[in-house]
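So the structure is just underneath, and the comments pick up after that.
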Amino acid sequence: MKKSIFMAALLMSLVFILAACGGGNASDPSEESTEGSNGEATEGSEANAEEGGSLSGSVTGDGSSTVAPILELINEDFNAEYPDVQVSIGVSGTGGGFEKFVAGETDFQNASREIKEEEVSALEEAGIDFTEFKVANDGLTVAVNTENDFVDYLTFEELQTIYSGEAETWNDVRDEFPEEEITAYAPDQSHGTHDFFKEAVMEDGDITAELNQDTNVISQSVTSDANSIGFFGYNFYMVNQDNLKGVPVQGPESEEPVEVTEETVMSYEYPLARPLFVYAKNESLENNESFMQFMEFTLNNASSAAEEAGYVALTEDEMQEQKDKLEAFK
């Protein structure tokens, strides 16, 4: 993806150099796109986008730190191709991002869980229509310290015992485990990962653990604490897999523990596999050409970015379904 973009940028540069040698042209699309731009795409920029030329404007997003690595990779390439479009991607967590989405502050919202009913109601009250786009799959990964040589797998029931605070030592989880005190780490309530675990494992019961907004801190805490346990997105595990021990998980419907891998996440055999989303404001898709172009670029590059970021790409059929949703706005 980056190589093709580089070649495209090089070709564009040669075109501009040749145009300059020919004395330039007052009707150069790139000049039209910058005149009259006030943070929003202009009619001129819309025409340029259709002709493959430059585009100017602004796009604002926020939300999940789990989804952010995918969008940041996409934005890096988008910015190289559309340098006059300013794209801002905040990382307030899924819950925090939805608050900004409801307030009308953002064009899109990254989410590591499906939107909640109360968030749908809040958007309805605010008069904001939206469209859900699935961009990748993730496997919420449970991990322990690499010095932990006794945890071979954990069931949902055992995870519930740990994260409810009921188990104070590993021996409280399973008889053959040692009498070592457990330190449990988890993302805080601003994260969709927190909500997903709470719903899937805790049956909506509270999570009792050392909560942190920064997922990197959680993975680092498990790395440095021999009796700890934590959970986070598959990407954070892949980045730190040499320093963490991923724990196979047995869900209520699993016949045996399942290791988190690209294959088990894609097949949803892994009981904590989940989709990752981008929620787009319909009004922005209809009226902000920069955002429409960004979303089209996102869906065209989400699969490669997901794999590069350490997640699992959608199947071709799944991705085509998302592209069809976007096509309806053209």
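Numbering starts fresh at 1 for the residues of each chain in the structure tokens, the chains themselves are lettered A, B, ... in the order given, and ligands are numbered from 1 as they appear.
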Query - Near-Tyr311 of chain A list (7 Å; only C-alpha atoms; drop same-chain fewer than 6 positions) as an MDAnalysis selection string - result: chainID A and resid 136:138 234:235
Include C-alpha atoms and write out the residues we just selected as a compact mmCIF listing (two decimals), in the first residue's frame.
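And here is the file that came out, selection_0.txt:
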```txt
# COMPACT_ATOMS: atom_id res chain seq x y z
CA ALA A 136 -11.67 -5.60 11.27
CA ASN A 137 -11.86 -8.43 13.80
CA ASP A 138 -10.11 -8.61 17.15
CA TYR A 234 -5.03 -8.77 20.16
CA ASN A 235 -2.76 -6.05 18.77
```
Query - Test item: residues at most 10 Å from segment 217-227 of chain A, only C-alpha atoms, excluding those fewer than 3 positions along its chain, as a PyMOL selection string - result: chain A and resi 143-148+169-170+180-187+210-214+230-232+236-237+239-245
Report task. Identify, on the basis of only C-alpha atoms, every residue whose closest approach to Pro248 of chain A does not exceed 8 Å; exclude the query and any residue fewer than 4 positions from it along the same chain; express the result as a PyMOL selection string. Result -> chain A and resi 142+152-154+257-260
Please dump the current selection as a PDB file, in the first residue's frame; keep all heavy atoms.
```pdb
ATOM      1  N   VAL A 142      -6.418 -12.507  26.892  1.00  0.00           N
ATOM      2  CA  VAL A 142      -6.085 -12.618  28.311  1.00  0.00           C
ATOM      3  C   VAL A 142      -4.634 -13.072  28.395  1.00  0.00           C
ATOM      4  O   VAL A 142      -4.221 -14.017  27.710  1.00  0.00           O
ATOM      5  CB  VAL A 142      -6.998 -13.641  29.012  1.00  0.00           C
ATOM      6  CG1 VAL A 142      -6.609 -13.791  30.479  1.00  0.00           C
ATOM      7  CG2 VAL A 142      -8.460 -13.233  28.873  1.00  0.00           C
ATOM      8  N   ASP A 152      -2.560 -22.827  32.350  1.00  0.00           N
ATOM      9  CA  ASP A 152      -2.550 -23.365  30.997  1.00  0.00           C
ATOM     10  C   ASP A 152      -3.767 -22.920  30.197  1.00  0.00           C
ATOM     11  O   ASP A 152      -3.732 -22.843  28.982  1.00  0.00           O
ATOM     12  CB  ASP A 152      -2.478 -24.897  31.030  1.00  0.00           C
ATOM     13  CG  ASP A 152      -3.505 -25.495  32.008  1.00  0.00           C
ATOM     14  OD1 ASP A 152      -4.221 -24.726  32.684  1.00  0.00           O
ATOM     15  OD2 ASP A 152      -3.578 -26.737  32.085  1.00  0.00           O
ATOM     16  N   TYR A 153      -4.848 -22.613  30.884  1.00  0.00           N
ATOM     17  CA  TYR A 153      -6.046 -22.052  30.261  1.00  0.00           C
ATOM     18  C   TYR A 153      -6.939 -21.537  31.386  1.00  0.00           C
ATOM     19  O   TYR A 153      -6.721 -21.871  32.564  1.00  0.00           O
ATOM     20  CB  TYR A 153      -6.807 -23.093  29.419  1.00  0.00           C
ATOM     21  CG  TYR A 153      -7.521 -24.149  30.239  1.00  0.00           C
ATOM     22  CD1 TYR A 153      -8.866 -23.988  30.597  1.00  0.00           C
ATOM     23  CD2 TYR A 153      -6.861 -25.293  30.675  1.00  0.00           C
ATOM     24  CE1 TYR A 153      -9.521 -24.943  31.363  1.00  0.00           C
ATOM     25  CE2 TYR A 153      -7.508 -26.247  31.448  1.00  0.00           C
ATOM     26  CZ  TYR A 153      -8.843 -26.068  31.785  1.00  0.00           C
ATOM     27  OH  TYR A 153      -9.484 -27.002  32.562  1.00  0.00           O
ATOM     28  N   LEU A 154      -7.928 -20.763  31.041  1.00  0.00           N
ATOM     29  CA  LEU A 154      -8.916 -20.293  32.013  1.00  0.00           C
ATOM     30  C   LEU A 154     -10.307 -20.356  31.395  1.00  0.00           C
ATOM     31  O   LEU A 154     -10.484 -20.080  30.206  1.00  0.00           O
ATOM     32  CB  LEU A 154      -8.615 -18.849  32.452  1.00  0.00           C
ATOM     33  CG  LEU A 154      -7.347 -18.656  33.307  1.00  0.00           C
ATOM     34  CD1 LEU A 154      -7.020 -17.174  33.441  1.00  0.00           C
ATOM     35  CD2 LEU A 154      -7.526 -19.282  34.702  1.00  0.00           C
ATOM     36  N   PRO A 257     -10.492 -25.470  25.668  1.00  0.00           N
ATOM     37  CA  PRO A 257      -9.881 -24.132  25.585  1.00  0.00           C
ATOM     38  C   PRO A 257      -9.419 -23.823  24.168  1.00  0.00           C
ATOM     39  O   PRO A 257      -8.973 -24.705  23.438  1.00  0.00           O
ATOM     40  CB  PRO A 257      -8.683 -24.248  26.539  1.00  0.00           C
ATOM     41  CG  PRO A 257      -9.027 -25.363  27.458  1.00  0.00           C
ATOM     42  CD  PRO A 257      -9.813 -26.341  26.645  1.00  0.00           C
ATOM     43  N   VAL A 258      -9.507 -22.543  23.801  1.00  0.00           N
ATOM     44  CA  VAL A 258      -9.132 -22.106  22.452  1.00  0.00           C
ATOM     45  C   VAL A 258      -8.049 -21.044  22.569  1.00  0.00           C
ATOM     46  O   VAL A 258      -8.199 -20.055  23.300  1.00  0.00           O
ATOM     47  CB  VAL A 258     -10.350 -21.527  21.703  1.00  0.00           C
ATOM     48  CG1 VAL A 258      -9.936 -21.086  20.294  1.00  0.00           C
ATOM     49  CG2 VAL A 258     -11.475 -22.547  21.636  1.00  0.00           C
ATOM     50  N   GLU A 259      -6.977 -21.242  21.848  1.00  0.00           N
ATOM     51  CA  GLU A 259      -5.887 -20.267  21.812  1.00  0.00           C
ATOM     52  C   GLU A 259      -6.266 -19.119  20.893  1.00  0.00           C
ATOM     53  O   GLU A 259      -6.903 -19.336  19.847  1.00  0.00           O
ATOM     54  CB  GLU A 259      -4.615 -20.950  21.304  1.00  0.00           C
ATOM     55  CG  GLU A 259      -3.375 -20.085  21.350  1.00  0.00           C
ATOM     56  CD  GLU A 259      -2.143 -20.825  20.845  1.00  0.00           C
ATOM     57  OE1 GLU A 259      -2.251 -22.044  20.575  1.00  0.00           O
ATOM     58  OE2 GLU A 259      -1.090 -20.194  20.725  1.00  0.00           O
ATOM     59  N   VAL A 260      -5.875 -17.894  21.267  1.00  0.00           N
ATOM     60  CA  VAL A 260      -6.173 -16.750  20.397  1.00  0.00           C
ATOM     61  C   VAL A 260      -5.150 -16.716  19.258  1.00  0.00           C
ATOM     62  O   VAL A 260      -3.946 -16.589  19.483  1.00  0.00           O
ATOM     63  CB  VAL A 260      -6.171 -15.421  21.194  1.00  0.00           C
ATOM     64  CG1 VAL A 260      -4.830 -15.146  21.873  1.00  0.00           C
ATOM     65  CG2 VAL A 260      -6.553 -14.242  20.281  1.00  0.00           C
TER      66      VAL A 260
END
```
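For the choices A:Glu283, A:Glu99, A:Asp84, A:Glu316, the atom-to-atom distance to Ile128 of chain A is smallest for A:Glu283 when using only C-alpha atoms.
Here atom CA of Gly310 of chain A stands at a distance of 28.3 Å from atom CA of Leu285 of chain A.
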Requested in this report: For Phe294 of chain A, list every protein, DNA or RNA residue within 9 Å, evaluated using only C-alpha atoms, and leave out those in the same chain fewer than 3 positions away; present the list as a ChimeraX atom specification.
Outcome: /A:59,75,78,87,289-291,297-299
Mind dumping the selected residues with N, CA and C atoms as a PDB file, in the first residue's frame?
```
ATOM      1  N   VAL A  59     -11.488  16.513   8.766  1.00  0.00           N
ATOM      2  CA  VAL A  59     -12.209  15.334   9.233  1.00  0.00           C
ATOM      3  C   VAL A  59     -11.812  15.121  10.690  1.00  0.00           C
ATOM      4  N   ASN A  75      -4.650   6.677   8.030  1.00  0.00           N
ATOM      5  CA  ASN A  75      -4.525   8.129   7.907  1.00  0.00           C
ATOM      6  C   ASN A  75      -3.139   8.555   7.437  1.00  0.00           C
ATOM      7  N   PHE A  78      -3.396   8.148   3.829  1.00  0.00           N
ATOM      8  CA  PHE A  78      -4.361   9.117   3.302  1.00  0.00           C
ATOM      9  C   PHE A  78      -3.751  10.512   3.260  1.00  0.00           C
ATOM     10  N   VAL A  87      -6.921  15.519   9.072  1.00  0.00           N
ATOM     11  CA  VAL A  87      -7.662  14.465   9.766  1.00  0.00           C
ATOM     12  C   VAL A  87      -7.173  14.376  11.209  1.00  0.00           C
ATOM     13  N   GLU A 289     -17.137  16.273   1.561  1.00  0.00           N
ATOM     14  CA  GLU A 289     -16.487  15.417   0.575  1.00  0.00           C
ATOM     15  C   GLU A 289     -15.174  14.846   1.114  1.00  0.00           C
ATOM     16  N   SER A 290     -14.487  15.602   1.947  1.00  0.00           N
ATOM     17  CA  SER A 290     -13.239  15.115   2.530  1.00  0.00           C
ATOM     18  C   SER A 290     -13.496  13.867   3.375  1.00  0.00           C
ATOM     19  N   PHE A 291     -14.593  13.904   4.136  1.00  0.00           N
ATOM     20  CA  PHE A 291     -14.912  12.752   4.980  1.00  0.00           C
ATOM     21  C   PHE A 291     -15.345  11.564   4.130  1.00  0.00           C
ATOM     22  N   PHE A 297     -11.403   5.665   1.406  1.00  0.00           N
ATOM     23  CA  PHE A 297      -9.998   5.268   1.548  1.00  0.00           C
ATOM     24  C   PHE A 297      -9.850   4.271   2.701  1.00  0.00           C
ATOM     25  N   THR A 298     -10.576   4.514   3.783  1.00  0.00           N
ATOM     26  CA  THR A 298     -10.510   3.620   4.949  1.00  0.00           C
ATOM     27  C   THR A 298     -10.949   2.207   4.596  1.00  0.00           C
ATOM     28  N   LEU A 299     -12.095   2.091   3.932  1.00  0.00           N
ATOM     29  CA  LEU A 299     -12.604   0.755   3.607  1.00  0.00           C
ATOM     30  C   LEU A 299     -11.720   0.060   2.570  1.00  0.00           C
TER      31      LEU A 299
END
```
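The nearest approach to Phe101 of chain A among the residues A:Thr208, A:Thr193, A:Thr60, A:Ser267, with only C-alpha atoms taken into account, belongs to A:Thr60.
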Query raised in the report: Tell me, which residues of segment 126-323 of chain A carry DSSP strand (DSSP E), written as a ChimeraX atom specification?
Result: /A:130-139,141-145,154-155,183-187,210-212,228-232,244-246,249-250,273-281
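Each of A:Lys281, A:Gly139, A:Thr161, A:Asn301 was compared to Glu124 of chain A using only C-alpha atoms, and A:Lys281 turns out to be the nearest.
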Requested in this report: List every residue of segment 54-274 of chain A that DSSP, applied to the backbone of this structure, places in helix (DSSP H, G or I), and write the result as an MDAnalysis selection string.
Outcome: chainID A and resid 68:81 93:102 117:126 156:163 170:172 192:200 215:224 234:239 262:266
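Shortest separation to Met295 of chain A among A:Ala273, A:Val91, A:Met202, A:Val135 occurs at residue A:Val135, atoms counted being only C-alpha atoms.
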**Report entry** All residues 10 Å or closer to Glu72 of chain A, only C-alpha atoms, same chain fewer than 2 positions away omitted, as a list in words
**Finding:** Val67, Ala68, Pro69, Ile70, Ile74, Asn75, Glu76, Asp77, Phe78, Val87, Ser88, Ile89, Ala305 and Ala309 of chain A
With N, CA, C and O atoms kept, could you save the residues just selected as a PDB file, in the first residue's frame?
```pdb
ATOM      1  N   VAL A  67      -9.059   0.382  18.188  1.00  0.00           N
ATOM      2  CA  VAL A  67      -9.239   0.600  16.749  1.00  0.00           C
ATOM      3  C   VAL A  67      -8.243   1.628  16.225  1.00  0.00           C
ATOM      4  O   VAL A  67      -7.877   1.599  15.034  1.00  0.00           O
ATOM      5  N   ALA A  68      -7.786   2.521  17.077  1.00  0.00           N
ATOM      6  CA  ALA A  68      -6.940   3.637  16.640  1.00  0.00           C
ATOM      7  C   ALA A  68      -5.717   3.222  15.812  1.00  0.00           C
ATOM      8  O   ALA A  68      -5.418   3.877  14.798  1.00  0.00           O
ATOM      9  N   PRO A  69      -4.975   2.147  16.178  1.00  0.00           N
ATOM     10  CA  PRO A  69      -3.810   1.795  15.357  1.00  0.00           C
ATOM     11  C   PRO A  69      -4.152   1.531  13.892  1.00  0.00           C
ATOM     12  O   PRO A  69      -3.344   1.828  13.005  1.00  0.00           O
ATOM     13  N   ILE A  70      -5.329   0.989  13.633  1.00  0.00           N
ATOM     14  CA  ILE A  70      -5.750   0.730  12.253  1.00  0.00           C
ATOM     15  C   ILE A  70      -5.984   2.052  11.532  1.00  0.00           C
ATOM     16  O   ILE A  70      -5.483   2.280  10.428  1.00  0.00           O
ATOM     17  N   ILE A  74      -4.009   3.980   8.323  1.00  0.00           N
ATOM     18  CA  ILE A  74      -4.758   4.420   7.148  1.00  0.00           C
ATOM     19  C   ILE A  74      -4.565   5.913   6.931  1.00  0.00           C
ATOM     20  O   ILE A  74      -4.327   6.379   5.805  1.00  0.00           O
ATOM     21  N   ASN A  75      -4.650   6.677   8.030  1.00  0.00           N
ATOM     22  CA  ASN A  75      -4.525   8.129   7.907  1.00  0.00           C
ATOM     23  C   ASN A  75      -3.139   8.555   7.437  1.00  0.00           C
ATOM     24  O   ASN A  75      -2.995   9.552   6.718  1.00  0.00           O
ATOM     25  N   GLU A  76      -2.127   7.782   7.836  1.00  0.00           N
ATOM     26  CA  GLU A  76      -0.765   8.085   7.389  1.00  0.00           C
ATOM     27  C   GLU A  76      -0.681   8.061   5.862  1.00  0.00           C
ATOM     28  O   GLU A  76      -0.104   8.957   5.234  1.00  0.00           O
ATOM     29  N   ASP A  77      -1.280   7.050   5.261  1.00  0.00           N
ATOM     30  CA  ASP A  77      -1.273   6.941   3.801  1.00  0.00           C
ATOM     31  C   ASP A  77      -2.241   7.931   3.158  1.00  0.00           C
ATOM     32  O   ASP A  77      -1.976   8.477   2.090  1.00  0.00           O
ATOM     33  N   PHE A  78      -3.396   8.148   3.829  1.00  0.00           N
ATOM     34  CA  PHE A  78      -4.361   9.117   3.302  1.00  0.00           C
ATOM     35  C   PHE A  78      -3.751  10.512   3.260  1.00  0.00           C
ATOM     36  O   PHE A  78      -3.904  11.251   2.283  1.00  0.00           O
ATOM     37  N   VAL A  87      -6.921  15.519   9.072  1.00  0.00           N
ATOM     38  CA  VAL A  87      -7.662  14.465   9.766  1.00  0.00           C
ATOM     39  C   VAL A  87      -7.173  14.376  11.209  1.00  0.00           C
ATOM     40  O   VAL A  87      -5.987  14.189  11.464  1.00  0.00           O
ATOM     41  N   SER A  88      -8.105  14.524  12.140  1.00  0.00           N
ATOM     42  CA  SER A  88      -7.793  14.433  13.568  1.00  0.00           C
ATOM     43  C   SER A  88      -8.442  13.174  14.144  1.00  0.00           C
ATOM     44  O   SER A  88      -9.647  12.957  13.960  1.00  0.00           O
ATOM     45  N   ILE A  89      -7.648  12.330  14.807  1.00  0.00           N
ATOM     46  CA  ILE A  89      -8.179  11.097  15.387  1.00  0.00           C
ATOM     47  C   ILE A  89      -7.828  11.058  16.869  1.00  0.00           C
ATOM     48  O   ILE A  89      -6.688  10.778  17.245  1.00  0.00           O
ATOM     49  N   ALA A 305      -4.321  -2.537   6.578  1.00  0.00           N
ATOM     50  CA  ALA A 305      -3.964  -1.821   7.807  1.00  0.00           C
ATOM     51  C   ALA A 305      -4.235  -2.678   9.037  1.00  0.00           C
ATOM     52  O   ALA A 305      -3.451  -2.660   9.992  1.00  0.00           O
ATOM     53  N   ALA A 309      -1.464  -3.723  11.658  1.00  0.00           N
ATOM     54  CA  ALA A 309      -1.609  -3.304  13.057  1.00  0.00           C
ATOM     55  C   ALA A 309      -1.702  -4.484  14.016  1.00  0.00           C
ATOM     56  O   ALA A 309      -1.707  -4.299  15.227  1.00  0.00           O
TER      57      ALA A 309
END
```
Report task. Find the residues around Phe130 of chain A up to 9 Å (only C-alpha atoms counted), leave out those fewer than 4 positions away in its own chain, and share them as a PyMOL selection string. Result -> chain A and resi 108+123+279-283
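Of the listed residues A:Asp195, A:Asp206, A:Asp175, A:Glu327, the one whose atoms come nearest to Glu286 of chain A is A:Glu327, with distances taken using only C-alpha atoms.
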Can you tell me, as a PDB file with N, CA and C atoms, in the first residue's frame, what residues are no more than 12 Å from Glu203 of chain A when counting only C-alpha atoms, ignoring any on the same chain fewer than 6 positions away?
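Output file part_35.pdb is given in full below:
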```pdb
ATOM      1  N   PHE A 156     -14.443 -19.108  31.420  1.00  0.00           N
ATOM      2  CA  PHE A 156     -15.164 -17.866  31.716  1.00  0.00           C
ATOM      3  C   PHE A 156     -15.465 -17.765  33.210  1.00  0.00           C
ATOM      4  N   GLU A 157     -15.835 -18.919  33.810  1.00  0.00           N
ATOM      5  CA  GLU A 157     -16.184 -18.923  35.228  1.00  0.00           C
ATOM      6  C   GLU A 157     -14.976 -18.542  36.079  1.00  0.00           C
ATOM      7  N   LEU A 159     -12.379 -16.746  35.045  1.00  0.00           N
ATOM      8  CA  LEU A 159     -12.106 -15.321  34.808  1.00  0.00           C
ATOM      9  C   LEU A 159     -13.054 -14.453  35.634  1.00  0.00           C
ATOM     10  N   GLN A 160     -14.294 -14.916  35.749  1.00  0.00           N
ATOM     11  CA  GLN A 160     -15.280 -14.163  36.541  1.00  0.00           C
ATOM     12  C   GLN A 160     -14.866 -14.165  38.020  1.00  0.00           C
ATOM     13  N   TYR A 163     -11.913 -11.579  38.193  1.00  0.00           N
ATOM     14  CA  TYR A 163     -12.248 -10.161  37.952  1.00  0.00           C
ATOM     15  C   TYR A 163     -13.449  -9.654  38.768  1.00  0.00           C
ATOM     16  N   SER A 164     -14.068 -10.535  39.537  1.00  0.00           N
ATOM     17  CA  SER A 164     -15.083 -10.052  40.486  1.00  0.00           C
ATOM     18  C   SER A 164     -14.433  -9.691  41.818  1.00  0.00           C
ATOM     19  N   ASP A 195     -16.029  -2.748  28.401  1.00  0.00           N
ATOM     20  CA  ASP A 195     -17.458  -3.048  28.261  1.00  0.00           C
ATOM     21  C   ASP A 195     -17.680  -4.437  27.668  1.00  0.00           C
ATOM     22  N   PHE A 196     -16.863  -4.784  26.657  1.00  0.00           N
ATOM     23  CA  PHE A 196     -17.025  -6.081  26.012  1.00  0.00           C
ATOM     24  C   PHE A 196     -16.756  -7.221  26.996  1.00  0.00           C
ATOM     25  N   PHE A 197     -15.675  -7.099  27.775  1.00  0.00           N
ATOM     26  CA  PHE A 197     -15.335  -8.133  28.763  1.00  0.00           C
ATOM     27  C   PHE A 197     -16.430  -8.220  29.833  1.00  0.00           C
ATOM     28  N   PRO A 252     -18.393 -20.608  27.574  1.00  0.00           N
ATOM     29  CA  PRO A 252     -19.499 -21.491  27.966  1.00  0.00           C
ATOM     30  C   PRO A 252     -19.890 -22.474  26.866  1.00  0.00           C
TER      31      PRO A 252
END
```
